[in-house]
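input-v2.csv follows (CSV, C-alpha atoms):
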chain,number,residue,atom,x,y,z
A,1,MET,CA,14.4,-9.5,20.5
A,2,ASN,CA,16.1,-12.7,19.5
A,3,LYS,CA,13.1,-14.9,18.6
A,4,LYS,CA,10.8,-14.2,15.8
A,5,PRO,CA,7.4,-13.3,17.3
A,6,ASP,CA,4.4,-15.3,16.0
A,7,PHE,CA,2.2,-13.5,13.6
A,8,GLU,CA,-0.7,-13.3,16.0
A,9,SER,CA,1.2,-11.3,18.5
A,10,LEU,CA,2.2,-8.9,15.7
A,11,VAL,CA,-1.5,-8.4,15.0
A,12,GLU,CA,-2.3,-8.0,18.7
A,13,PHE,CA,0.5,-5.5,19.1
A,14,HIS,CA,0.2,-3.3,16.0
A,15,SER,CA,-3.3,-3.5,14.6
A,16,GLY,CA,-4.6,-0.6,16.7
A,17,GLU,CA,-1.8,1.8,15.8
A,18,LEU,CA,-1.8,0.8,12.1
A,19,PHE,CA,-5.5,1.4,12.0
A,20,GLY,CA,-4.9,4.9,13.4
A,21,TYR,CA,-2.2,5.5,10.7
A,22,LEU,CA,-4.5,4.3,7.9
A,23,TRP,CA,-7.4,6.3,9.2
A,24,ARG,CA,-5.2,9.4,9.1
A,25,LEU,CA,-3.7,8.6,5.7
A,26,LEU,CA,-7.0,7.7,4.0
A,27,GLY,CA,-9.3,10.1,5.8
A,28,ASP,CA,-12.1,7.5,5.7
A,29,GLU,CA,-13.0,5.0,8.4
A,30,ALA,CA,-14.4,2.3,6.2
A,31,ASP,CA,-11.5,2.5,3.8
A,32,ALA,CA,-9.1,2.3,6.7
A,33,ARG,CA,-10.9,-0.7,8.0
A,34,ASP,CA,-10.6,-2.5,4.6
A,35,CYS,CA,-7.1,-1.5,4.3
A,36,LEU,CA,-6.1,-2.8,7.7
A,37,GLN,CA,-7.3,-6.2,6.7
A,38,ASP,CA,-5.5,-5.9,3.4
A,39,THR,CA,-2.3,-4.9,5.2
A,40,PHE,CA,-2.3,-7.9,7.5
A,41,LEU,CA,-3.2,-10.3,4.8
A,42,ARG,CA,-0.2,-9.1,2.8
A,43,ALA,CA,1.9,-9.2,5.9
A,44,TYR,CA,0.8,-12.8,6.6
A,45,ARG,CA,1.8,-14.0,3.2
A,46,ALA,CA,5.2,-12.4,3.4
A,47,TYR,CA,5.9,-13.1,7.1
A,48,ALA,CA,7.5,-16.5,6.6
A,49,ARG,CA,10.2,-14.9,4.4
A,50,VAL,CA,11.1,-12.2,6.9
A,51,GLN,CA,14.6,-12.8,8.1
A,52,ASP,CA,15.4,-9.5,9.9
A,53,PHE,CA,12.7,-9.1,12.5
A,54,SER,CA,14.2,-6.3,14.4
A,55,HIS,CA,12.3,-3.8,12.2
A,56,LEU,CA,8.9,-5.3,12.1
A,57,ARG,CA,7.1,-2.1,13.0
A,58,ALA,CA,8.6,-0.2,10.0
A,59,TRP,CA,8.0,-3.3,7.9
A,60,LEU,CA,4.3,-3.2,8.8
A,61,TYR,CA,4.1,0.5,8.1
A,62,LYS,CA,5.6,-0.1,4.7
A,63,ILE,CA,3.0,-2.7,3.9
A,64,ALA,CA,0.2,-0.5,5.2
A,65,THR,CA,1.5,2.5,3.1
A,66,ASN,CA,1.5,0.3,0.0
A,67,ALA,CA,-2.0,-1.1,0.8
A,68,ALA,CA,-3.2,2.5,1.3
A,69,ARG,CA,-1.8,3.5,-2.1
A,70,THR,CA,-3.8,0.6,-3.7
A,71,GLN,CA,-6.8,1.8,-1.9
A,72,LEU,CA,-6.4,5.4,-3.0
A,73,SER,CA,-5.9,4.5,-6.6
A,74,ARG,CA,-9.1,2.5,-6.3
A,75,ASN,CA,-10.9,5.5,-4.7
A,76,HIS,CA,-9.6,7.7,-7.5
A,77,ARG,CA,-11.9,6.0,-9.9
A,78,ARG,CA,-14.7,6.5,-7.4
A,79,GLU,CA,-16.3,9.8,-6.4
A,80,SER,CA,-14.2,11.5,-3.9
A,81,ARG,CA,-15.7,11.4,-0.4
A,82,ASN,CA,-16.3,14.2,1.9
A,83,ALA,CA,-15.3,15.0,5.4
A,84,PRO,CA,-16.5,12.0,7.4
A,85,LEU,CA,-13.9,13.0,10.1
A,86,LEU,CA,-16.0,16.0,11.1
A,87,GLU,CA,-18.5,15.7,13.9
A,88,PRO,CA,-21.8,17.5,13.9
A,89,ILE,CA,-21.8,21.0,15.3
A,90,PRO,CA,-22.9,20.9,18.9
A,91,SER,CA,-25.2,23.7,20.0
A,92,GLY,CA,-23.5,25.4,22.9
A,93,GLU,CA,-21.8,28.4,24.3
A,94,ARG,CA,-20.1,29.6,21.1
A,95,ALA,CA,-21.8,31.4,18.3
A,96,VAL,CA,-22.8,29.1,15.4
A,97,ASP,CA,-21.2,31.4,12.8
A,98,VAL,CA,-17.9,31.2,14.5
A,99,GLN,CA,-18.2,27.4,14.6
A,100,VAL,CA,-19.2,27.3,11.0
A,101,ALA,CA,-16.1,29.4,10.1
A,102,GLU,CA,-13.9,26.9,12.1
A,103,ARG,CA,-15.6,24.1,10.4
A,104,THR,CA,-15.0,25.5,6.9
A,105,GLN,CA,-11.3,26.0,7.9
A,106,LEU,CA,-11.1,22.4,9.0
A,107,ALA,CA,-12.6,21.1,5.8
A,108,GLN,CA,-10.2,23.2,3.8
A,109,VAL,CA,-7.2,22.0,5.7
A,110,ARG,CA,-8.4,18.4,5.5
A,111,GLN,CA,-8.7,18.7,1.7
A,112,ALA,CA,-5.3,20.2,1.5
A,113,VAL,CA,-3.8,17.4,3.6
A,114,MET,CA,-5.5,14.8,1.3
A,115,ALA,CA,-4.2,16.6,-1.7
A,116,LEU,CA,-0.5,16.3,-0.6
A,117,PRO,CA,1.6,13.7,-2.4
A,118,ASP,CA,1.0,10.3,-0.8
A,119,ARG,CA,4.6,10.1,0.4
A,120,GLN,CA,4.5,13.5,2.0
A,121,ARG,CA,1.2,12.9,3.8
A,122,ALA,CA,2.5,9.4,4.9
A,123,ALA,CA,5.7,10.9,6.3
A,124,LEU,CA,3.9,13.7,8.1
A,125,MET,CA,1.4,11.3,9.8
A,126,MET,CA,4.1,8.8,10.7
A,127,ARG,CA,6.3,11.5,12.3
A,128,LYS,CA,3.7,13.8,13.9
A,129,TYR,CA,1.0,11.4,15.0
A,130,GLN,CA,2.4,7.9,14.9
A,131,GLN,CA,5.7,8.9,16.6
A,132,LEU,CA,8.0,7.0,14.3
A,133,GLU,CA,11.7,7.6,14.2
A,134,TYR,CA,13.0,9.0,10.9
A,135,ALA,CA,14.9,5.7,10.4
A,136,GLU,CA,11.6,3.8,10.6
A,137,ILE,CA,9.9,6.3,8.2
A,138,ALA,CA,12.8,5.8,5.8
A,139,ALA,CA,12.4,2.1,6.0
A,140,ALA,CA,8.7,2.3,5.5
A,141,LEU,CA,8.9,4.7,2.5
A,142,GLY,CA,12.2,3.5,1.1
A,143,GLY,CA,15.1,6.0,0.8
A,144,SER,CA,17.2,7.7,3.4
A,145,GLU,CA,16.4,9.3,6.7
A,146,GLU,CA,17.2,12.6,5.0
A,147,THR,CA,14.6,12.0,2.4
A,148,ALA,CA,12.1,11.0,5.1
A,149,ARG,CA,12.7,14.2,6.9
A,150,ALA,CA,12.5,16.2,3.7
A,151,ASN,CA,9.1,14.6,3.0
A,152,VAL,CA,7.7,15.7,6.3
A,153,TYR,CA,8.9,19.3,5.9
A,154,GLN,CA,7.8,19.5,2.3
A,155,ALA,CA,4.3,18.6,3.4
A,156,LEU,CA,4.4,21.3,6.1
A,157,LYS,CA,5.7,23.9,3.7
A,158,LYS,CA,3.0,23.1,1.1
A,159,LEU,CA,0.3,23.4,3.7
A,160,ARG,CA,1.7,26.7,5.1
A,161,ASP,CA,2.0,28.2,1.6
A,162,LEU,CA,-1.6,27.3,0.9
A,163,PHE,CA,-2.8,28.9,4.1
A,164,ALA,CA,-0.3,31.7,4.3
A,165,ASP,CA,-3.0,34.4,4.6
A,166,GLU,CA,-4.7,32.8,7.5
A,167,VAL,CA,-1.7,32.1,9.5
A,168,ASN,CA,0.2,35.3,9.0
A,169,ASP,CA,-1.4,37.0,11.9
A,170,GLU,CA,0.4,35.0,14.6
B,1,MET,CA,9.7,33.8,9.9
B,2,ASN,CA,12.6,31.7,11.1
B,3,LYS,CA,11.2,31.7,14.6
B,4,GLN,CA,8.0,30.5,13.1
B,5,LYS,CA,9.8,27.8,11.3
B,6,ASP,CA,11.4,26.7,14.6
B,7,ASN,CA,8.0,26.6,16.2
B,8,TYR,CA,6.8,24.3,13.4
B,9,VAL,CA,9.8,22.0,13.8
B,10,ASN,CA,9.2,21.8,17.5
B,11,TRP,CA,5.5,21.1,16.9
B,12,VAL,CA,6.1,18.3,14.4
B,13,GLU,CA,8.9,16.7,16.5
B,14,GLY,CA,6.6,16.6,19.4
B,15,ASN,CA,8.3,19.3,21.5
B,16,GLY,CA,5.8,22.1,21.4
B,17,SER,CA,2.2,23.0,20.9
B,18,ALA,CA,0.7,24.1,17.6
B,19,PRO,CA,2.3,27.4,16.6
B,20,ASP,CA,-0.7,28.8,14.5
B,21,ALA,CA,-4.2,28.3,13.3
B,22,LEU,CA,-3.1,25.9,10.5
B,23,ALA,CA,-1.2,23.7,12.9
B,24,ARG,CA,-4.2,23.8,15.3
B,25,SER,CA,-6.5,22.7,12.5
B,26,VAL,CA,-4.2,19.8,11.6
B,27,ASP,CA,-4.2,18.8,15.2
B,28,ALA,CA,-7.9,19.1,15.5
B,29,LEU,CA,-8.3,16.8,12.5
B,30,TYR,CA,-5.7,14.2,13.3
B,31,ALA,CA,-4.4,14.3,16.8
B,32,SER,CA,-7.0,12.3,18.6
B,33,GLY,CA,-7.3,9.6,15.9
B,34,PRO,CA,-10.2,7.2,15.3
B,35,SER,CA,-12.8,6.8,18.1
B,36,ALA,CA,-12.6,3.8,20.4
B,37,GLN,CA,-15.7,2.5,18.7
B,38,ALA,CA,-14.1,2.7,15.3
B,39,ILE,CA,-11.0,0.9,16.5
B,40,ARG,CA,-13.1,-1.8,18.1
B,41,LEU,CA,-14.9,-2.3,14.8
B,42,ALA,CA,-11.7,-2.4,12.8
B,43,LYS,CA,-10.1,-5.0,15.1
B,44,LEU,CA,-13.2,-7.1,15.0
B,45,GLY,CA,-13.2,-7.1,11.2
B,46,LEU,CA,-9.6,-7.9,11.1
B,47,GLN,CA,-10.0,-10.8,13.6
B,48,THR,CA,-12.8,-12.2,11.5
B,49,THR,CA,-10.7,-12.1,8.4
B,50,LEU,CA,-7.6,-13.5,10.0
B,51,SER,CA,-9.4,-16.2,12.0
B,52,LYS,CA,-9.6,-18.1,8.8
B,53,LEU,CA,-5.9,-18.1,8.5
B,54,PHE,CA,-5.2,-19.1,12.0
B,55,SER,CA,-7.8,-21.7,12.7
B,56,PRO,CA,-5.9,-24.9,13.3
B,57,ILE,CA,-7.2,-28.0,11.8
B,58,TYR,CA,-6.7,-31.3,13.6
B,59,TYR,CA,-7.3,-34.7,12.1
B,60,ASP,CA,-6.9,-38.3,12.8
B,61,ARG,CA,-7.8,-41.7,11.5
B,62,LEU,CA,-10.6,-43.9,13.0
B,63,ASP,CA,-9.8,-47.6,12.7
B,64,GLN,CA,-11.8,-50.7,13.4
B,65,THR,CA,-15.0,-49.4,11.8
B,66,PRO,CA,-17.3,-51.6,9.8
B,67,LEU,CA,-16.5,-49.3,6.8
B,68,GLY,CA,-12.7,-49.5,7.0
B,69,PRO,CA,-10.5,-46.6,8.1
B,70,VAL,CA,-12.3,-43.2,8.3
B,71,TRP,CA,-10.4,-39.9,8.3
B,72,LEU,CA,-12.0,-37.0,10.2
B,73,ALA,CA,-10.9,-33.4,10.8
B,74,ALA,CA,-12.1,-30.6,12.9
B,75,GLY,CA,-11.5,-26.9,13.3
B,76,PRO,CA,-12.4,-24.6,16.3
B,77,ARG,CA,-16.1,-24.5,15.2
B,78,GLY,CA,-16.6,-28.2,14.6
B,79,LEU,CA,-16.1,-31.1,12.2
B,80,VAL,CA,-15.0,-30.0,8.7
B,81,ALA,CA,-14.2,-33.2,6.9
B,82,VAL,CA,-14.9,-36.9,6.9
B,83,GLU,CA,-13.5,-39.2,4.3
B,84,TYR,CA,-13.3,-43.0,4.1
B,85,ASN,CA,-10.8,-45.2,2.4
B,86,GLY,CA,-8.5,-42.4,1.3
B,87,SER,CA,-4.8,-42.1,2.1
B,88,GLU,CA,-3.5,-39.6,4.7
B,89,GLU,CA,-1.8,-37.7,1.9
B,90,SER,CA,-5.0,-37.2,-0.1
B,91,PHE,CA,-6.9,-36.2,3.1
B,92,ARG,CA,-4.2,-33.7,4.0
B,93,ALA,CA,-4.2,-32.3,0.5
B,94,TYR,CA,-8.0,-31.9,0.8
B,95,LEU,CA,-7.7,-30.1,4.2
B,96,ALA,CA,-5.1,-27.8,2.8
B,97,LYS,CA,-7.6,-26.8,0.1
B,98,ILE,CA,-10.4,-26.0,2.5
B,99,SER,CA,-8.4,-24.1,5.1
B,100,LYS,CA,-5.2,-22.1,5.0
B,101,GLY,CA,-3.8,-23.4,8.2
B,102,LEU,CA,-1.6,-26.4,8.3
B,103,PRO,CA,-3.4,-29.6,9.3
B,104,THR,CA,-2.0,-31.3,12.3
B,105,ARG,CA,-2.6,-35.0,13.1
B,106,SER,CA,-3.8,-35.2,16.7
B,107,PRO,CA,-5.4,-38.3,18.2
B,108,GLN,CA,-5.8,-36.4,21.4
B,109,LYS,CA,-7.8,-33.5,19.9
B,110,MET,CA,-9.9,-35.9,17.9
B,111,SER,CA,-10.6,-38.4,20.6
B,112,GLY,CA,-14.1,-37.1,21.5
B,113,ALA,CA,-15.3,-37.1,17.9
B,114,LYS,CA,-13.8,-40.5,17.2
B,115,LYS,CA,-15.4,-42.1,20.2
B,116,MET,CA,-18.8,-40.8,19.2
B,117,LEU,CA,-18.5,-41.8,15.6
B,118,LEU,CA,-17.2,-45.2,16.6
B,119,ALA,CA,-20.1,-45.8,19.0
B,120,TYR,CA,-22.5,-44.8,16.3
B,121,LEU,CA,-20.9,-47.0,13.6
B,122,HIS,CA,-21.1,-50.0,16.0
B,123,GLY,CA,-24.7,-49.3,16.7
B,124,ARG,CA,-24.2,-48.3,20.4
B,125,SER,CA,-25.7,-44.9,19.8
B,126,ASN,CA,-28.4,-43.5,17.5
B,127,ARG,CA,-27.2,-40.0,17.1
B,128,ILE,CA,-23.9,-38.3,16.4
B,129,GLU,CA,-23.8,-35.3,18.7
B,130,ILE,CA,-20.8,-33.6,17.0
B,131,ASP,CA,-20.7,-29.9,16.1
B,132,VAL,CA,-20.3,-29.5,12.4
B,133,ASP,CA,-18.7,-26.5,10.8
B,134,LEU,CA,-20.4,-25.9,7.5
B,135,SER,CA,-19.1,-22.3,7.0
B,136,GLY,CA,-17.0,-23.4,4.0
B,137,ILE,CA,-20.0,-24.2,1.7
B,138,THR,CA,-22.7,-22.1,0.1
B,139,PRO,CA,-25.9,-21.2,2.0
B,140,PHE,CA,-28.0,-23.5,-0.2
B,141,GLN,CA,-25.7,-26.5,0.4
B,142,ARG,CA,-25.8,-25.7,4.1
B,143,ARG,CA,-29.6,-25.6,4.2
B,144,VAL,CA,-29.7,-29.0,2.4
B,145,LEU,CA,-27.2,-30.5,4.8
B,146,GLU,CA,-28.9,-29.1,7.9
B,147,GLU,CA,-32.2,-30.5,6.7
B,148,THR,CA,-30.6,-33.9,5.9
B,149,ARG,CA,-29.2,-34.1,9.4
B,150,LYS,CA,-32.7,-34.2,10.8
B,151,VAL,CA,-33.4,-37.5,9.0
B,152,PRO,CA,-33.2,-40.1,11.9
B,153,ARG,CA,-31.3,-43.3,11.9
B,154,GLY,CA,-33.3,-46.2,10.4
B,155,GLN,CA,-35.3,-43.9,8.1
B,156,VAL,CA,-34.8,-42.6,4.6
B,157,SER,CA,-35.9,-39.4,2.9
B,158,THR,CA,-35.9,-38.4,-0.8
B,159,TYR,CA,-34.2,-35.6,-2.8
B,160,ALA,CA,-37.6,-34.2,-3.6
B,161,GLU,CA,-38.6,-34.3,0.1
B,162,ILE,CA,-35.5,-32.4,1.2
B,163,ALA,CA,-36.0,-29.9,-1.7
B,164,ARG,CA,-39.6,-29.3,-0.5
B,165,ARG,CA,-38.5,-28.9,3.2
B,166,ILE,CA,-36.0,-26.2,2.4
B,167,GLY,CA,-38.7,-24.4,0.5
B,168,GLN,CA,-37.3,-25.0,-3.0
B,169,PRO,CA,-39.3,-27.9,-4.3
B,170,LYS,CA,-38.0,-27.6,-7.8
B,171,ALA,CA,-34.3,-27.8,-6.8
B,172,VAL,CA,-34.3,-31.6,-6.6
B,173,ARG,CA,-31.2,-32.0,-8.8
B,174,ALA,CA,-29.4,-29.2,-6.9
B,175,VAL,CA,-30.2,-31.0,-3.6
B,176,GLY,CA,-28.6,-34.2,-5.1
B,177,GLN,CA,-25.5,-32.1,-6.1
B,178,ALA,CA,-25.2,-30.6,-2.6
B,179,LEU,CA,-25.4,-34.0,-1.0
B,180,ARG,CA,-22.9,-35.4,-3.4
B,181,ARG,CA,-20.5,-32.7,-2.2
B,182,ASN,CA,-21.3,-33.3,1.5
B,183,PRO,CA,-17.9,-32.6,3.3
B,184,VAL,CA,-18.9,-34.6,6.3
B,185,PRO,CA,-20.6,-37.9,5.2
B,186,ILE,CA,-22.0,-40.2,7.9
B,187,VAL,CA,-22.2,-37.3,10.4
B,188,VAL,CA,-24.5,-35.5,8.0
B,189,PRO,CA,-26.3,-38.7,6.8
B,190,CYS,CA,-26.5,-38.1,3.0
B,191,HIS,CA,-26.8,-41.8,2.6
B,192,ARG,CA,-30.3,-41.6,4.0
B,193,VAL,CA,-31.5,-39.5,1.1
B,194,ILE,CA,-32.5,-41.5,-1.9
B,195,ALA,CA,-34.5,-41.0,-5.2
B,196,SER,CA,-38.3,-41.0,-5.1
B,197,ASP,CA,-38.5,-44.2,-7.0
B,198,GLY,CA,-36.5,-46.0,-4.2
B,199,SER,CA,-33.3,-46.2,-6.2
B,200,LEU,CA,-30.1,-44.8,-4.7
B,201,GLY,CA,-30.2,-42.0,-7.2
B,202,GLY,CA,-27.9,-39.1,-7.8
B,203,TYR,CA,-24.8,-40.9,-6.8
B,204,SER,CA,-22.4,-41.9,-9.4
B,205,GLY,CA,-20.1,-44.9,-9.3
B,206,GLN,CA,-20.5,-48.3,-7.8
B,207,MET,CA,-18.1,-47.5,-5.0
B,208,ARG,CA,-20.3,-44.8,-3.6
B,209,ASP,CA,-23.4,-47.0,-4.0
B,210,ARG,CA,-21.8,-49.8,-2.1
B,211,ARG,CA,-21.0,-47.5,0.8
B,212,LYS,CA,-24.4,-46.1,0.8
B,213,ILE,CA,-25.9,-49.5,1.0
B,214,GLU,CA,-23.5,-50.5,3.6
B,215,LEU,CA,-24.3,-47.6,5.8
B,216,LEU,CA,-28.0,-48.0,5.4
B,217,ARG,CA,-27.8,-51.8,6.2
B,218,LEU,CA,-25.8,-50.8,9.3
B,219,GLU,CA,-28.7,-48.7,10.3
B,220,GLY,CA,-31.2,-51.5,9.7
B,221,VAL,CA,-32.7,-50.2,6.5
B,222,ALA,CA,-33.3,-52.9,3.9
B,223,LEU,CA,-33.2,-51.7,0.3
B,224,ALA,CA,-35.2,-53.4,-2.3
Rendering of file as structure tokens:
Amino acid sequence: MNKKPDFESLVEFHSGELFGYLWRLLGDEADARDCLQDTFLRAYRAYARVQDFSHLRAWLYKIATNAARTQLSRNHRRESRNAPLLEPIPSGERAVDVQVAERTQLAQVRQAVMALPDRQRAALMMRKYQQLEYAEIAAALGGSEETARANVYQALKKLRDLFADEVNDE
Amino acid sequence: MNKQKDNYVNWVEGNGSAPDALARSVDALYASGPSAQAIRLAKLGLQTTLSKLFSPIYYDRLDQTPLGPVWLAAGPRGLVAVEYNGSEESFRAYLAKISKGLPTRSPQKMSGAKKMLLAYLHGRSNRIEIDVDLSGITPFQRRVLEETRKVPRGQVSTYAEIARRIGQPKAVRAVGQALRRNPVPIVVPCHRVIASDGSLGGYSGQMRDRRKIELLRLEGVALA
């Protein structure tokens, strides 16, 4: 890449994946939608000043993560929302009580993920579901690659400690 | 326990499937990501927001009019500004205020609108069939201007009449205000709206009055 891409192609290229990231990070579709707009508005204002455009993906994740932080602190003042990620239980082959148990488990896990420190949740999502390199995560969160890696594994450790009883059987 | 930790490492680094119920739950919640419908909606919202930043604004100057030079500017949805007698600098400054994009002078892009406006000002056509983009003003102002656009050449209406037609008969003064802020004079013929007593009304300043009289005279309306 030796020419700075125009901003529109940046939107074209990355808006889908950034929406996925924000959706995972915020756990709410409407919030993710607002935040996506906020992210690209912030990016647009800053884009003229970007000199090094070989790390635009990480740069966008950094802006998205900051925009999400703003959104979360805003939400903090609002009532916390509940589990919009869950689909209704389909009637079907499996017993409803089994499905309800699974559902309860999912809701608890979701709550635990949302309760992780923002940086840890961000690092986990970027690594596991957005397939970012540790160098990119480090650039997005600030700090070293080692810190980025530590954030991912601290998130996992926290979740496993919380759910130690349920997962011991395997 | 170490084996389990390795499984977790493999899972998170994308080299293995979920090692236990917890990992499976996390996958169930986050692996598939937002639905196609949600992504479509999000992109649509983003496009709408960003389109305001990207809409290019083109402008040019129309010479040889009976009114002197006229500046006009258009975005993708139509004409956004008409101004007479101002300088290019002041017109550009105004355009920068109403849109975030950088205004570009383009005789080519503006040639259609210029031709129509010129034909109209020289009396070779009675209507100006140019799309007008009124998205930058309030809904009330828009209703006033849309109603005003229906007043045909050679006729006049009154502030009270426009107020009545938009269903707000008491908003006579507000109608006057809206017309005073008309971003596209001539094309939206605010000069054809006068006070009920037949005076020019509303308008302040001799300069504006003179132009209003000029335009009306051009259209064959004699004012007392």
Distance filter 6 Å, all atoms listed in the file, chain A against chain B, as a ChimeraX atom specification: /A:20,33,37,106,128,167
Using the selection just defined, write its residues with C-alpha atoms as a short mmCIF file (atom, residue, chain, number, x, y, z; two decimals), in the coordinates of the input.
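What landed in selection-v7.cif:
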data_model
loop_
_atom_site.label_atom_id
_atom_site.label_comp_id
_atom_site.auth_asym_id
_atom_site.auth_seq_id
_atom_site.Cartn_x
_atom_site.Cartn_y
_atom_site.Cartn_z
CA GLY A 20 -4.90 4.90 13.40
CA ARG A 33 -10.90 -0.70 8.00
CA GLN A 37 -7.30 -6.20 6.70
CA LEU A 106 -11.10 22.40 9.00
CA LYS A 128 3.70 13.80 13.90
CA VAL A 167 -1.70 32.10 9.50
#
Between atom CA of Glu136 of chain A and atom CA of Ala30 of chain A, distance in Å (one decimal): 26.4 Å
Residues near Arg110 of chain A, cut-off 9 Å, all atoms listed in the file, skip fewer than 2 positions along chain, as a PyMOL selection string: (chain A and resi 27+83+85+105-108+112-115) or (chain B and resi 25-26+29)
Test item: residues at most 6 Å from segment 119-124 of chain A, only C-alpha atoms, excluding those fewer than 2 positions along its chain, as a ChimeraX atom specification: /A:116-117,126-128,151-152,155
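Using all atoms listed in the file, the smallest distance between any of A:Tyr134, A:Tyr153, A:Tyr47, A:Tyr61 and Ser15 of chain A comes from A:Tyr61.
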Residues within 12 Å of Lys97 of chain B, only C-alpha atoms, excluding chain neighbours under 4 positions, as an MDAnalysis selection string: chainID B and resid 57 80:81 90:93 101:103 136
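Checking A:Ile63, A:Leu141, A:Leu26, A:Leu72 one by one against Arg45 of chain A, counting all atoms listed in the file, you find the shortest gap at A:Ile63.
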Near segment 111-126 of chain B, counting all atoms listed in the file, which residues have an atom at most 7 Å away, once you skip same-chain residues fewer than 3 positions from it, shown as a PDB file with C-alpha atoms, keeping the file's coordinate frame?
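So the final result, stored in selection_5.pdb, reads:
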ATOM      1  CA  LEU B  62     -10.600 -43.900  13.000  1.00  0.00           C
ATOM      2  CA  THR B  65     -15.000 -49.400  11.800  1.00  0.00           C
ATOM      3  CA  PRO B  66     -17.300 -51.600   9.800  1.00  0.00           C
ATOM      4  CA  PRO B 107      -5.400 -38.300  18.200  1.00  0.00           C
ATOM      5  CA  GLN B 108      -5.800 -36.400  21.400  1.00  0.00           C
ATOM      6  CA  ILE B 130     -20.800 -33.600  17.000  1.00  0.00           C
ATOM      7  CA  ARG B 153     -31.300 -43.300  11.900  1.00  0.00           C
TER       8      ARG B 153
END
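Compared by their closest atoms to Ala163 of chain B, and using all atoms listed in the file, the residues B:Ile137, B:Ala195, B:Ile128, B:Val188 rank with B:Ala195 nearest.
Residues in contact with Ser135 of chain B at 10 Å, where all atoms listed in the file are counted and same-chain residues fewer than 2 positions away are skipped, are listed as B:Arg77, B:Gly78, B:Val80, B:Val132, B:Asp133, B:Ile137, B:Thr138, B:Pro139, B:Arg142.
As for atom CA of Arg149 of chain A and atom CA of Tyr129 of chain A, they are spaced 14.5 Å apart.
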Starting from the incomplete input, reconstruct N, CA and C atoms of segment 118-130 of chain B and report them as a short mmCIF file (atom, residue, chain, number, x, y, z; two decimals), in the coordinates of the input.
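Okay, this is what ended up in rebuild_2.cif:
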data_model
loop_
_atom_site.label_atom_id
_atom_site.label_comp_id
_atom_site.auth_asym_id
_atom_site.auth_seq_id
_atom_site.Cartn_x
_atom_site.Cartn_y
_atom_site.Cartn_z
N LEU B 118 -17.43 -43.81 16.44
CA LEU B 118 -17.20 -45.20 16.60
C LEU B 118 -18.46 -45.90 17.24
N ALA B 119 -18.94 -45.26 18.32
CA ALA B 119 -20.10 -45.80 19.00
C ALA B 119 -21.29 -45.86 18.07
N TYR B 120 -21.38 -44.83 17.23
CA TYR B 120 -22.50 -44.80 16.30
C TYR B 120 -22.35 -45.90 15.22
N LEU B 121 -21.15 -46.04 14.70
CA LEU B 121 -20.90 -47.00 13.60
C LEU B 121 -21.11 -48.46 14.14
N HIS B 122 -20.88 -48.66 15.42
CA HIS B 122 -21.10 -50.00 16.00
C HIS B 122 -22.48 -50.16 16.58
N GLY B 123 -23.32 -49.19 16.32
CA GLY B 123 -24.70 -49.30 16.70
C GLY B 123 -24.94 -49.11 18.22
N ARG B 124 -23.98 -48.53 18.91
CA ARG B 124 -24.20 -48.30 20.40
C ARG B 124 -24.84 -46.99 20.63
N SER B 125 -24.95 -46.13 19.63
CA SER B 125 -25.70 -44.90 19.80
C SER B 125 -26.43 -44.55 18.52
N ASN B 126 -27.55 -43.84 18.65
CA ASN B 126 -28.40 -43.50 17.50
C ASN B 126 -28.08 -42.21 16.85
N ARG B 127 -27.46 -41.33 17.63
CA ARG B 127 -27.20 -40.00 17.10
C ARG B 127 -25.74 -39.65 17.24
N ILE B 128 -25.26 -38.82 16.32
CA ILE B 128 -23.90 -38.30 16.40
C ILE B 128 -23.94 -36.89 16.86
N GLU B 129 -23.66 -36.65 18.12
CA GLU B 129 -23.80 -35.30 18.70
C GLU B 129 -22.44 -34.55 18.50
N ILE B 130 -22.05 -34.32 17.27
CA ILE B 130 -20.80 -33.60 17.00
C ILE B 130 -21.11 -32.30 16.33
#
